[in-house]
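Text of query_13.cif, listed as mmCIF, C-alpha atoms:
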data_final
loop_
_atom_site.group_PDB
_atom_site.id
_atom_site.type_symbol
_atom_site.label_atom_id
_atom_site.label_comp_id
_atom_site.auth_asym_id
_atom_site.auth_seq_id
_atom_site.Cartn_x
_atom_site.Cartn_y
_atom_site.Cartn_z
ATOM 1 C CA MET A 1 71.452 263.796 142.880
ATOM 2 C CA ASP A 2 73.001 262.302 139.784
ATOM 3 C CA HIS A 3 71.751 259.168 138.149
ATOM 4 C CA SER A 4 74.623 256.798 138.939
ATOM 5 C CA ARG A 5 74.487 257.736 142.613
ATOM 6 C CA ARG A 6 70.749 257.033 142.720
ATOM 7 C CA LEU A 7 71.303 253.679 141.074
ATOM 8 C CA ALA A 8 74.045 252.807 143.558
ATOM 9 C CA LEU A 9 71.805 253.728 146.473
ATOM 10 C CA LYS A 10 68.937 251.701 145.070
ATOM 11 C CA THR A 11 71.115 248.663 144.481
ATOM 12 C CA GLY A 12 72.804 249.018 147.844
ATOM 13 C CA GLY A 13 69.451 249.262 149.591
ATOM 14 C CA ARG A 14 68.190 246.160 147.896
ATOM 15 C CA LEU A 15 71.284 244.189 148.893
ATOM 16 C CA GLY A 16 70.836 245.319 152.463
ATOM 17 C CA VAL A 17 67.246 244.136 152.526
ATOM 18 C CA VAL A 18 68.188 240.770 151.055
ATOM 19 C CA ALA A 19 70.968 240.320 153.608
ATOM 20 C CA TRP A 20 68.641 241.355 156.425
ATOM 21 C CA LEU A 21 65.865 238.983 155.319
ATOM 22 C CA ALA A 22 68.364 236.167 154.915
ATOM 23 C CA SER A 23 69.884 236.823 158.324
ATOM 24 C CA ALA A 24 66.444 236.949 159.929
ATOM 25 C CA GLY A 25 65.881 233.502 158.466
ATOM 26 C CA VAL A 26 62.930 234.812 156.480
ATOM 27 C CA LEU A 27 64.495 234.167 153.136
ATOM 28 C CA PRO A 28 65.692 230.729 152.145
ATOM 29 C CA VAL A 29 68.912 230.910 150.130
ATOM 30 C CA SER A 30 67.884 230.234 146.572
ATOM 31 C CA ALA A 31 69.819 230.447 143.345
ATOM 32 C CA ALA A 32 68.416 233.942 142.897
ATOM 33 C CA THR A 33 69.963 235.300 146.083
ATOM 34 C CA ILE A 34 73.394 233.695 145.736
ATOM 35 C CA PRO A 35 74.817 236.520 143.555
ATOM 36 C CA GLN A 36 74.074 238.935 146.405
ATOM 37 C CA VAL A 37 75.870 236.675 148.883
ATOM 38 C CA PHE A 38 79.073 237.169 146.865
ATOM 39 C CA SER A 39 78.915 240.903 147.540
ATOM 40 C CA ILE A 40 78.638 240.473 151.321
ATOM 41 C CA HIS A 41 81.871 241.025 153.224
ATOM 42 C CA GLY A 42 83.019 239.036 156.252
ATOM 43 C CA VAL A 43 82.768 235.365 157.220
ATOM 44 C CA ASP A 44 79.958 235.785 159.764
ATOM 45 C CA ALA A 45 77.788 237.826 157.403
ATOM 46 C CA VAL A 46 78.297 235.391 154.520
ATOM 47 C CA MET A 47 77.542 232.403 156.755
ATOM 48 C CA GLN A 48 74.377 234.124 157.920
ATOM 49 C CA ALA A 49 73.299 234.824 154.343
ATOM 50 C CA LEU A 50 73.927 231.179 153.428
ATOM 51 C CA GLY A 51 71.690 230.153 156.321
ATOM 52 C CA ALA A 52 74.722 228.512 157.954
ATOM 53 C CA SER A 53 75.154 230.648 161.086
ATOM 54 C CA GLY A 54 74.870 227.725 163.472
ATOM 55 C CA ALA A 55 77.377 225.542 161.603
ATOM 56 C CA HIS A 56 79.559 223.301 163.774
ATOM 57 C CA GLU A 57 83.123 222.351 162.992
ATOM 58 C CA SER A 58 83.189 218.763 161.777
ATOM 59 C CA ALA A 59 86.110 216.381 161.283
ATOM 60 C CA ALA A 60 84.063 214.868 158.443
ATOM 61 C CA VAL A 61 84.728 217.988 156.373
ATOM 62 C CA GLU A 62 88.275 218.284 155.106
ATOM 63 C CA ILE A 63 90.235 220.920 153.236
ATOM 64 C CA ALA A 64 93.350 219.654 151.489
ATOM 65 C CA ALA A 65 95.872 222.306 150.482
ATOM 66 C CA ALA A 66 99.540 223.164 150.793
ATOM 67 C CA GLU A 67 100.565 224.838 154.068
ATOM 68 C CA ILE A 68 102.551 227.534 152.311
ATOM 69 C CA VAL A 69 101.787 228.777 148.819
ATOM 70 C CA GLU A 70 104.184 231.015 146.883
ATOM 71 C CA ASN A 71 101.625 232.668 144.620
ATOM 72 C CA GLY A 72 98.255 233.722 146.048
ATOM 73 C CA ALA A 73 96.794 234.049 142.546
ATOM 74 C CA MET A 74 96.525 230.258 142.233
ATOM 75 C CA VAL A 75 95.934 228.306 145.396
ATOM 76 C CA SER A 76 94.902 224.725 144.801
ATOM 77 C CA VAL A 77 92.254 223.597 147.300
ATOM 78 C CA GLU A 78 90.270 220.386 147.640
ATOM 79 C CA VAL A 79 87.161 220.166 149.803
ATOM 80 C CA ALA A 80 85.769 216.781 150.765
ATOM 81 C CA SER A 81 82.857 215.794 152.989
ATOM 82 C CA ARG A 82 82.077 212.402 154.473
ATOM 83 C CA LEU A 83 78.722 213.625 155.787
ATOM 84 C CA PRO A 84 75.696 211.776 154.406
ATOM 85 C CA GLY A 85 73.423 213.838 152.197
ATOM 86 C CA THR A 86 76.030 216.495 151.374
ATOM 87 C CA ARG A 87 74.296 218.709 148.840
ATOM 88 C CA GLN A 88 76.115 222.026 148.935
ATOM 89 C CA MET A 89 79.697 223.096 149.556
ATOM 90 C CA ALA A 90 80.840 226.723 149.849
ATOM 91 C CA LEU A 91 84.403 228.052 150.001
ATOM 92 C CA LEU A 92 85.204 231.236 151.941
ATOM 93 C CA VAL A 93 88.489 233.119 152.421
ATOM 94 C CA ASP A 94 88.425 235.278 155.533
ATOM 95 C CA GLN A 95 90.979 237.926 154.457
ATOM 96 C CA ASN A 96 89.877 238.351 150.837
ATOM 97 C CA PRO A 97 88.091 241.502 149.620
ATOM 98 C CA THR A 98 85.405 239.083 148.347
ATOM 99 C CA THR A 99 84.822 236.612 151.191
ATOM 100 C CA LEU A 100 82.806 233.997 149.311
ATOM 101 C CA ALA A 101 84.841 232.320 146.563
ATOM 102 C CA ALA A 102 82.491 229.642 145.245
ATOM 103 C CA VAL A 103 79.321 227.682 145.975
ATOM 104 C CA PHE A 104 78.807 224.190 144.551
ATOM 105 C CA ASP A 105 75.449 222.432 144.406
ATOM 106 C CA LEU A 106 75.869 218.677 144.264
ATOM 107 C CA PRO A 107 72.938 216.698 142.859
ATOM 108 C CA GLU A 108 72.487 213.139 144.050
ATOM 109 C CA GLY A 109 75.185 210.923 142.577
ATOM 110 C CA THR A 110 77.892 213.594 142.559
ATOM 111 C CA SER A 111 80.765 212.885 144.973
ATOM 112 C CA PRO A 112 81.157 215.416 147.790
ATOM 113 C CA ARG A 113 84.748 216.127 146.790
ATOM 114 C CA ILE A 114 85.758 219.084 144.654
ATOM 115 C CA GLN A 115 89.148 220.392 143.705
ATOM 116 C CA THR A 116 89.576 223.954 142.438
ATOM 117 C CA ARG A 117 91.923 226.953 142.481
ATOM 118 C CA ILE A 118 91.259 230.203 144.305
ATOM 119 C CA LYS A 119 92.928 233.567 144.850
ATOM 120 C CA MET A 120 94.154 234.607 148.271
ATOM 121 C CA ALA A 121 95.120 238.189 149.052
ATOM 122 C CA LYS A 122 97.302 237.187 152.013
ATOM 123 C CA THR A 123 97.804 234.489 154.645
ATOM 124 C CA SER A 124 94.360 233.631 155.956
ATOM 125 C CA HIS A 125 91.866 230.935 156.749
ATOM 126 C CA VAL A 126 89.972 229.076 154.086
ATOM 127 C CA ILE A 127 86.604 227.911 155.375
ATOM 128 C CA ALA A 128 84.558 225.146 153.796
ATOM 129 C CA VAL A 129 80.857 225.236 154.668
ATOM 130 C CA VAL A 130 78.934 222.079 153.878
ATOM 131 C CA GLU A 131 75.188 221.578 153.876
ATOM 132 C CA ALA A 132 74.310 217.963 154.589
ATOM 133 C CA GLU A 133 71.690 215.908 156.376
ATOM 134 C CA GLY A 134 71.189 217.578 159.724
ATOM 135 C CA GLY A 135 72.302 221.061 158.733
ATOM 136 C CA PHE A 136 75.504 222.985 158.136
ATOM 137 C CA PHE A 137 79.043 221.953 159.069
ATOM 138 C CA LEU A 138 82.415 223.531 158.482
ATOM 139 C CA ALA A 139 86.146 223.080 158.361
ATOM 140 C CA ARG A 140 88.818 225.741 158.600
ATOM 141 C CA ARG A 141 92.407 225.704 157.447
ATOM 142 C CA GLU A 142 95.118 228.317 157.458
ATOM 143 C CA ILE A 143 97.109 228.721 154.265
ATOM 144 C CA LYS A 144 100.227 230.905 154.318
ATOM 145 C CA ILE A 145 100.696 233.067 151.255
ATOM 146 C CA VAL A 146 104.116 234.408 150.278
ATOM 147 C CA GLN A 147 102.843 236.796 147.598
ATOM 148 C CA GLY A 148 99.195 237.866 147.550
ATOM 149 C CA GLY A 149 97.142 237.338 144.435
ATOM 150 C CA CYS A 150 93.979 239.365 144.484
ATOM 151 C CA GLY A 151 95.286 242.081 142.122
ATOM 152 C CA MET B 1 84.649 234.850 121.341
ATOM 153 C CA SER B 2 86.260 233.082 124.266
ATOM 154 C CA ASP B 3 88.321 229.923 124.032
ATOM 155 C CA PRO B 4 86.664 226.518 124.480
ATOM 156 C CA VAL B 5 86.483 224.903 127.909
ATOM 157 C CA ARG B 6 89.025 222.104 128.096
ATOM 158 C CA ILE B 7 87.230 219.050 129.459
ATOM 159 C CA ARG B 8 88.371 215.518 130.166
ATOM 160 C CA ALA B 9 85.859 212.909 131.355
ATOM 161 C CA THR B 10 86.971 209.356 132.077
ATOM 162 C CA VAL B 11 84.944 206.511 133.545
ATOM 163 C CA ALA B 12 86.326 203.763 135.781
ATOM 164 C CA GLU B 13 84.372 201.320 137.930
ATOM 165 C CA GLY B 14 81.081 203.134 137.372
ATOM 166 C CA VAL B 15 82.376 206.564 138.403
ATOM 167 C CA THR B 16 83.108 209.340 135.921
ATOM 168 C CA GLN B 17 85.797 211.836 136.799
ATOM 169 C CA VAL B 18 85.553 215.262 135.178
ATOM 170 C CA ARG B 19 88.476 217.691 134.914
ATOM 171 C CA LEU B 20 87.810 221.026 133.304
ATOM 172 C CA MET B 21 89.480 224.344 132.702
ATOM 173 C CA ALA B 22 87.565 227.335 131.371
ATOM 174 C CA THR B 23 89.647 230.079 129.777
ATOM 175 C CA HIS B 24 88.635 233.325 131.467
ATOM 176 C CA PRO B 25 90.520 236.333 132.936
ATOM 177 C CA MET B 26 88.478 236.329 136.202
ATOM 178 C CA GLU B 27 89.237 240.011 136.805
ATOM 179 C CA THR B 28 88.226 241.127 140.300
ATOM 180 C CA GLY B 29 87.741 244.787 139.385
ATOM 181 C CA ARG B 30 90.508 245.744 141.833
ATOM 182 C CA ARG B 31 93.566 245.212 139.653
ATOM 183 C CA ARG B 32 95.330 248.316 138.327
ATOM 184 C CA LEU B 33 97.281 248.657 135.115
ATOM 185 C CA PRO B 34 100.820 250.090 135.460
ATOM 186 C CA GLU B 35 99.407 253.515 134.421
ATOM 187 C CA GLY B 36 96.978 253.336 137.333
ATOM 188 C CA ALA B 37 93.680 252.610 135.555
ATOM 189 C CA LEU B 38 91.444 249.962 137.149
ATOM 190 C CA VAL B 39 90.681 246.863 135.090
ATOM 191 C CA ALA B 40 86.899 246.298 135.105
ATOM 192 C CA ALA B 41 85.517 243.244 136.905
ATOM 193 C CA HIS B 42 85.088 240.352 134.477
ATOM 194 C CA TYR B 43 84.493 236.906 135.911
ATOM 195 C CA ILE B 44 82.404 233.765 135.470
ATOM 196 C CA THR B 45 79.374 233.775 137.781
ATOM 197 C CA ASP B 46 77.718 230.465 136.873
ATOM 198 C CA LEU B 47 79.086 227.193 135.582
ATOM 199 C CA THR B 48 76.992 224.071 134.988
ATOM 200 C CA VAL B 49 78.156 220.566 134.134
ATOM 201 C CA LEU B 50 75.742 218.124 132.478
ATOM 202 C CA HIS B 51 75.988 214.384 131.948
ATOM 203 C CA ASN B 52 73.826 213.875 128.860
ATOM 204 C CA ASP B 53 70.866 216.071 129.937
ATOM 205 C CA ARG B 54 71.254 215.717 133.698
ATOM 206 C CA VAL B 55 72.951 218.369 135.866
ATOM 207 C CA VAL B 56 75.870 216.822 137.794
ATOM 208 C CA LEU B 57 77.398 220.039 139.144
ATOM 209 C CA GLN B 58 76.147 223.585 139.529
ATOM 210 C CA ALA B 59 78.845 226.068 140.529
ATOM 211 C CA ARG B 60 78.562 229.755 141.378
ATOM 212 C CA PHE B 61 81.750 231.794 141.365
ATOM 213 C CA GLY B 62 82.803 235.137 142.730
ATOM 214 C CA PRO B 63 85.959 236.979 141.659
ATOM 215 C CA SER B 64 88.062 235.031 144.223
ATOM 216 C CA VAL B 65 88.194 232.046 141.875
ATOM 217 C CA SER B 66 91.544 231.989 140.011
ATOM 218 C CA ARG B 67 92.025 232.967 136.382
ATOM 219 C CA ASP B 68 91.112 230.092 134.045
ATOM 220 C CA PRO B 69 88.816 228.322 136.552
ATOM 221 C CA TYR B 70 89.786 224.724 137.112
ATOM 222 C CA LEU B 71 87.589 221.996 138.633
ATOM 223 C CA VAL B 72 87.950 218.303 139.322
ATOM 224 C CA PHE B 73 85.014 216.218 140.582
ATOM 225 C CA SER B 74 83.286 212.860 140.002
ATOM 226 C CA PHE B 75 79.771 211.549 139.615
ATOM 227 C CA ALA B 76 78.276 208.070 139.729
ATOM 228 C CA GLY B 77 77.420 206.626 136.338
ATOM 229 C CA GLY B 78 78.516 207.552 132.862
ATOM 230 C CA ALA B 79 79.676 205.277 130.081
ATOM 231 C CA PRO B 80 82.184 205.613 127.260
ATOM 232 C CA GLY B 81 80.594 207.480 124.339
ATOM 233 C CA GLU B 82 78.170 209.489 126.483
ATOM 234 C CA THR B 83 78.441 213.246 126.729
ATOM 235 C CA VAL B 84 79.675 215.616 129.426
ATOM 236 C CA SER B 85 79.076 219.286 128.691
ATOM 237 C CA VAL B 86 80.105 222.441 130.496
ATOM 238 C CA SER B 87 78.467 225.824 130.114
ATOM 239 C CA TRP B 88 79.292 229.092 131.811
ATOM 240 C CA ARG B 89 78.043 232.657 131.955
ATOM 241 C CA ASP B 90 79.989 235.673 133.165
ATOM 242 C CA ASN B 91 79.099 238.992 134.796
ATOM 243 C CA ARG B 92 78.998 240.684 131.380
ATOM 244 C CA GLY B 93 76.478 238.204 130.036
ATOM 245 C CA ASP B 94 78.967 236.386 127.810
ATOM 246 C CA GLN B 95 78.512 232.641 127.754
ATOM 247 C CA ARG B 96 79.787 229.513 126.151
ATOM 248 C CA SER B 97 79.134 225.798 126.134
ATOM 249 C CA ASP B 98 81.423 222.925 125.220
ATOM 250 C CA SER B 99 81.173 219.175 125.423
ATOM 251 C CA VAL B 100 83.290 216.078 125.348
ATOM 252 C CA THR B 101 82.748 212.349 125.003
ATOM 253 C CA ILE B 102 83.365 210.192 128.065
ATOM 254 C CA ARG B 103 86.317 207.878 127.579
#

Translate this file's structure into structure tokens.
Amino acid sequence: MDHSRRLALKTGGRLGVVAWLASAGVLPVSAATIPQVFSIHGVDAVMQALGASGAHESAAVEIAAAEIVENGAMVSVEVASRLPGTRQMALLVDQNPTTLAAVFDLPEGTSPRIQTRIKMAKTSHVIAVVEAEGGFFLARREIKIVQGGCG
Amino acid sequence: MSDPVRIRATVAEGVTQVRLMATHPMETGRRRLPEGALVAAHYITDLTVLHNDRVVLQARFGPSVSRDPYLVFSFAGGAPGETVSVSWRDNRGDQRSDSVTIR
């Protein structure tokens, strides 16, 4: 067995364990485990790893974006939450090779409204997951992409 | 050495709005050159914004964030002459930190 293969197996195994612990609710999502969450594929698995499996759709979470975007390499998205105690916002793209795009921690005093630009491989749903008082909430919005931008 | 983060911080009615753009290729590791070779993954993983010495935003990015990451957000407080600074680190361990005066 060559060295790089062993390393890949070791790393892969470790990721699996982290994902399993997180999904079992054993492991709280800390800054240390977030990098692993980025390597998890699929909305359900990422939500589980974020501890947000039971998230309910909430009208108090909004995603503002164009309905149709020409260039998937730069999709402008704004996430806003009116939920009290909003302390974390995560952005997911369900059809991207990398599901989780970004996670924002908002200390007290920072407005729960963030505008950024993400890549989208093709037409898909953008999902905003918000951690606030009382747990996790989400919003979902379809954005149509004319030309994909995940290169 | 990478280019400085462009930052604008303006205060109005006790709220400071921060707009920033970090210059970074944000390569996913999936893009191919015309000859077929893969371009290695190269993207910002962590970005922190401070108001004076206090963290006002902590962001973690994956490769789905666009080239030259752009953020707009606001925090309560801030006064003209105070400092907003932005620092980032990427998956290769490169980092940089820049700051601006609130206007």

Starting from chain A, keep only residues with some atom at most 7 Å from an atom of chain B, counting only C-alpha atoms, and report them as number ranges by chain. A: 38, 73-74, 98, 100-107, 109-111, 113-119, 151

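In terms of minimum interatomic distance to Ala128 (chain A), A:Ala90 ranks closest within A:Val37, A:Ala90, A:Ala64, A:Val46, counting only C-alpha atoms.
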
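Distance-wise, CA of Val69 (chain A) and CA of Gln95 (chain A) end up 15.2 Å apart.
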
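CA of Gln147 (chain A) to CA of Ala65 (chain A) spans 16.3 Å [interatomic distance, one decimal].
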
To verify the selection step, state as an MDAnalysis selection string which residues the PyMOL selection byres ((chain A and resi 136-140) around 8) yields on this input. chainID A and resid 52 54:59 61:63 125:132 134:135 141:142

The distance between CA of Lys122 (chain A) and CA of Ile145 (chain A) is 5.4 Å

Starting from the PyMOL selection byres ((chain B and resi 94) around 10), expand the selection into actual residues of this file and give them as a PyMOL selection string. chain B and resi 1-2+42-44+88-93+95-96

List the residues matched by the PyMOL selection byres ((chain A and resi 66) around 9) in the displayed structure as an NGL selection string, ordered by chain and then by residue number. :A and (64-65 or 67-69 or 75-77 or 143-144)

For Pro84 (chain A), the nearest of the candidates A:Gly148, A:Glu133, A:Ala121, A:Glu108, counting all atoms listed in the file: A:Glu133

How about completing region 31-60 of chain B with N, CA and C atoms and giving it to me as an mmCIF file, in the coordinates of the input?
data_model
loop_
_atom_site.group_PDB
_atom_site.id
_atom_site.type_symbol
_atom_site.label_atom_id
_atom_site.label_comp_id
_atom_site.auth_asym_id
_atom_site.auth_seq_id
_atom_site.Cartn_x
_atom_site.Cartn_y
_atom_site.Cartn_z
ATOM 1 N N ARG B 31 92.214 245.172 140.204
ATOM 2 C CA ARG B 31 93.566 245.212 139.653
ATOM 3 C C ARG B 31 93.797 246.513 138.873
ATOM 4 N N ARG B 32 94.986 247.095 139.046
ATOM 5 C CA ARG B 32 95.330 248.316 138.327
ATOM 6 C C ARG B 32 96.397 248.044 137.284
ATOM 7 N N LEU B 33 96.244 248.717 136.128
ATOM 8 C CA LEU B 33 97.281 248.657 135.115
ATOM 9 C C LEU B 33 98.459 249.496 135.609
ATOM 10 N N PRO B 34 99.658 249.300 135.020
ATOM 11 C CA PRO B 34 100.820 250.090 135.460
ATOM 12 C C PRO B 34 100.547 251.601 135.433
ATOM 13 N N GLU B 35 99.721 252.076 134.480
ATOM 14 C CA GLU B 35 99.407 253.515 134.421
ATOM 15 C C GLU B 35 98.408 253.923 135.507
ATOM 16 N N GLY B 36 97.861 252.974 136.228
ATOM 17 C CA GLY B 36 96.978 253.336 137.333
ATOM 18 C C GLY B 36 95.503 253.086 137.092
ATOM 19 N N ALA B 37 95.108 252.819 135.836
ATOM 20 C CA ALA B 37 93.680 252.610 135.555
ATOM 21 C C ALA B 37 93.222 251.252 136.094
ATOM 22 N N LEU B 38 92.013 251.222 136.654
ATOM 23 C CA LEU B 38 91.444 249.962 137.149
ATOM 24 C C LEU B 38 90.981 249.096 135.977
ATOM 25 N N VAL B 39 91.206 247.800 136.095
ATOM 26 C CA VAL B 39 90.681 246.863 135.090
ATOM 27 C C VAL B 39 89.284 246.448 135.571
ATOM 28 N N ALA B 40 88.284 246.586 134.705
ATOM 29 C CA ALA B 40 86.899 246.298 135.105
ATOM 30 C C ALA B 40 86.721 244.837 135.520
ATOM 31 N N ALA B 41 85.829 244.604 136.470
ATOM 32 C CA ALA B 41 85.517 243.244 136.905
ATOM 33 C C ALA B 41 85.001 242.433 135.714
ATOM 34 N N HIS B 42 85.511 241.221 135.573
ATOM 35 C CA HIS B 42 85.088 240.352 134.477
ATOM 36 C C HIS B 42 85.354 238.924 134.928
ATOM 37 N N TYR B 43 84.290 238.239 135.371
ATOM 38 C CA TYR B 43 84.493 236.906 135.911
ATOM 39 C C TYR B 43 83.264 236.038 135.659
ATOM 40 N N ILE B 44 83.492 234.729 135.632
ATOM 41 C CA ILE B 44 82.404 233.765 135.470
ATOM 42 C C ILE B 44 81.572 233.747 136.751
ATOM 43 N N THR B 45 80.256 233.813 136.613
ATOM 44 C CA THR B 45 79.374 233.775 137.781
ATOM 45 C C THR B 45 78.694 232.413 137.941
ATOM 46 N N ASP B 46 78.445 231.739 136.827
ATOM 47 C CA ASP B 46 77.718 230.465 136.873
ATOM 48 C C ASP B 46 78.374 229.470 135.937
ATOM 49 N N LEU B 47 78.536 228.253 136.431
ATOM 50 C CA LEU B 47 79.086 227.193 135.582
ATOM 51 C C LEU B 47 78.308 225.908 135.884
ATOM 52 N N THR B 48 77.812 225.276 134.821
ATOM 53 C CA THR B 48 76.992 224.071 134.988
ATOM 54 C C THR B 48 77.616 222.923 134.200
ATOM 55 N N VAL B 49 77.655 221.750 134.827
ATOM 56 C CA VAL B 49 78.156 220.566 134.134
ATOM 57 C C VAL B 49 77.005 219.577 133.991
ATOM 58 N N LEU B 50 76.804 219.101 132.745
ATOM 59 C CA LEU B 50 75.742 218.124 132.478
ATOM 60 C C LEU B 50 76.348 216.800 132.051
ATOM 61 N N HIS B 51 75.698 215.712 132.498
ATOM 62 C CA HIS B 51 75.988 214.384 131.948
ATOM 63 C C HIS B 51 74.776 214.044 131.106
ATOM 64 N N ASN B 52 74.947 213.907 129.794
ATOM 65 C CA ASN B 52 73.826 213.875 128.860
ATOM 66 C C ASN B 52 72.938 215.086 129.162
ATOM 67 N N ASP B 53 71.697 214.902 129.657
ATOM 68 C CA ASP B 53 70.866 216.071 129.937
ATOM 69 C C ASP B 53 70.709 216.338 131.434
ATOM 70 N N ARG B 54 71.438 215.610 132.252
ATOM 71 C CA ARG B 54 71.254 215.717 133.698
ATOM 72 C C ARG B 54 72.363 216.586 134.309
ATOM 73 N N VAL B 55 71.965 217.523 135.199
ATOM 74 C CA VAL B 55 72.951 218.369 135.866
ATOM 75 C C VAL B 55 73.725 217.526 136.882
ATOM 76 N N VAL B 56 75.059 217.534 136.804
ATOM 77 C CA VAL B 56 75.870 216.822 137.794
ATOM 78 C C VAL B 56 76.659 217.782 138.682
ATOM 79 N N LEU B 57 76.773 219.039 138.272
ATOM 80 C CA LEU B 57 77.398 220.039 139.144
ATOM 81 C C LEU B 57 76.913 221.424 138.742
ATOM 82 N N GLN B 58 76.548 222.205 139.761
ATOM 83 C CA GLN B 58 76.147 223.585 139.529
ATOM 84 C C GLN B 58 77.071 224.429 140.400
ATOM 85 N N ALA B 59 77.898 225.254 139.763
ATOM 86 C CA ALA B 59 78.845 226.068 140.529
ATOM 87 C C ALA B 59 78.518 227.546 140.361
ATOM 88 N N ARG B 60 78.659 228.295 141.457
ATOM 89 C CA ARG B 60 78.562 229.755 141.378
ATOM 90 C C ARG B 60 79.884 230.324 141.846
#
